[in-house]
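Participant: What follows is a structure written as structure tokens; I'll ask about it next.
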Amino acid sequence: MKGAAHFSLLAAVISLVGMGGVALADDITPSAQADLQDARGQGVATRPRPGYDAVGIRAGSFMVYPKMDVTENYNDNIYATNTQTKSDFITTVSPDITVNSLWSRHALNLDAGVDKYWYNSNTGEDRLDWHVEGDGRLDILRDTNLTGQASYAQLHEDRGLPTSPSSAAEPTEYKLFASNLAFNQAFNRITTSLIGTFNNYDYDNVAKIGGGTIDQSFRNRNEYTGSLKVGYLVSPDTSVYGQGTLNKRDYTDNPIGGPNRTSDGYSAVIGSDFKLSRLAQGGVFIGYQSQSYDDPLFKSVSGLDYGANVNWFVTALTTVRLNASSTIQESTIVGNSGYKAQVVDLGADHELMRNIILSGDIGYENDNFSGIGRTDNIYSGKVGVNYLLNNFFAIGLHYGITDRNSNTSVNSYTQNIIGLTLRGQL
């Protein structure tokens, strides 16, 4: 009965999309027939597309962009386990609204959204995520500004994450308040940024398989970060910089007699933000990072700190993306202070037609858990196609696979997800 309800919901949206495509055919004809210009310097997935982008609603000096996604996924291993795997169909409804200012000076952006998940058979996995956030810029002088961001969200941990309790009867939920503030000042070719962040994590207790409750309060914490970034403009489009960062991860509810996961850390990196004509743009950095723990039983975690976010505009129709990072993550595993996660993702977007976008990604992650001899190697891949019908409707089809190979076999798993997404927007 529940599966029939899911099918009815999707059928109704598909019918609405179909009617919208017929009624607005005249609107998309000019864009569809326009000559393609060399648009290198803009990513295929993010460049403007008149005739297909959301139109928005003008509200004084703001633009409002409402949208809603309806997704039907099939997941062949919903619990991310290596034995007794279970599959299910998951329906997700995600309404969202974004508001952007149109001011000539200063800026303000707001966003709010909900993600509701319904599992067809395993209803204990049903969940509700939501978020509200805002960011802005205050222009003080021509070369001086303040930027800031704040958000509050109710989220969940996906099954299979190293921090997700394996004996939990349902996904672990938590609330996250995240904020940052930056003071930016330029002195001719020299740029400086003083940046501070504050994050608060508040975890809910979770039901245990077979009865009882798993206490998650020991994970509640405040995270403080301060950094100074000093750069030099080699050209109007390229800068080199050095950045130093200090952090404190303060656990507020340490269990009596349990480990104290409070820690202090630092990183020092050099990097560059660049735009190479119309061929490539992005940023790279490399340096060193370390995290030391208050509990003497926990070993420090340290090593290379690096990151990359680069777009290579191969042609006007193809963009290649490279993303990489090395971070020190928090842990809940007994005897493990934290783990170093090194991630590399290579992807490509191709514009088959003005309104048909193909995409593909391959990824690799290495998680090294200090003190317990555990190492996970995670391989992933995904492909997708987005069909933009007009300014108001789009359809996406996607497939992804994740394979975690751990030297502790109980933590290994393979998961395949295939799904269809229908989007409506104004």
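Following the order of the structure tokens, chains are lettered A, B, ..., residues in each are numbered from 1, and ligands are numbered from 1.
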Any idea what's packed within 7 Å of segment 232-242 of chain A, counting only C-alpha atoms, ignoring anything in its chain fewer than 5 positions away? Could you give it as a PyMOL selection string?
Facilitator: chain A and resi 189-191+269-275
Participant: Report the residues of segment 180-279 of chain A whose backbone DSSP state falls under strand (DSSP E or B), written as a count of residues only.
Facilitator: 70
Participant: Identify which of the residues A:Thr192, A:Asn109, A:Asn184, A:Asn260 lies closest to Gly231 of chain A, counting only C-alpha atoms when measuring atom-to-atom distances.
Facilitator: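 Answer, going by the shortest atom-to-atom distance: A:Thr192.
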Participant: Residues of segment 131-206 of chain A that approach segment 375-395 of chain A to 12 Å or less, counting only C-alpha atoms: could you list each one with the shortest pair of atoms and its distance in Å to one decimal, rows by chain and increasing residue number, as a Markdown table?
Facilitator:
| residue | atom | partner | partner_atom | distance |
| --- | --- | --- | --- | --- |
| A:Gly160 | CA | A:Ile378 | CA | 11.2 |
| A:Leu161 | CA | A:Asp376 | CA | 11.0 |
| A:Pro162 | CA | A:Asp376 | CA | 9.5 |
Participant: Which residues, written as a VMD selection string, have at least one atom at most 9 Å from Gln216 of chain A, with only C-alpha atoms counted and residues fewer than 4 positions away on the same chain left out?
Facilitator: chain A and resid 172 202 to 206 220
Participant: My list of candidates is A:Arg321, A:Lys229, A:Lys248, A:Arg261. Which is closest to Asp349 of chain A when distances are computed with only C-alpha atoms?
Facilitator: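 Looking only at the distances to Asp349 of chain A, the closest residue turns out to be A:Arg321.
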Participant: Would you mind listing what lies within 12 Å of Tyr152 of chain A as JSON, numbers by chain, with only C-alpha atoms counted and same-chain residues fewer than 3 positions away left out?
Facilitator: {"A": [111, 112, 113, 129, 130, 131, 132, 133, 134, 149, 155, 174, 175, 176, 177, 178, 179, 198, 199, 200, 201, 202]}
Participant: Please identify all polymer residues within 7 Å of Leu317 of chain A, counting only C-alpha atoms, omitting same-chain residues fewer than 6 positions from it, and present them as a PyMOL selection string.
Facilitator: chain A and resi 44+350-351
Participant: Taking into account only C-alpha atoms, which residue in the set A:Gln291, A:Asn336, A:Ser104, A:Ser167 is nearest to Gly210 of chain A?
Facilitator: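 With only C-alpha atoms as the atom set, the closest residue is A:Ser167.
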Participant: Select, from A:Ala182, A:Leu426, A:Leu128, A:Ala45, the residue with the minimum atom-to-atom distance to Asn355 of chain A, counting only C-alpha atoms.
Facilitator: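 Selected residue with least distance to Asn355 of chain A: A:Ala45.
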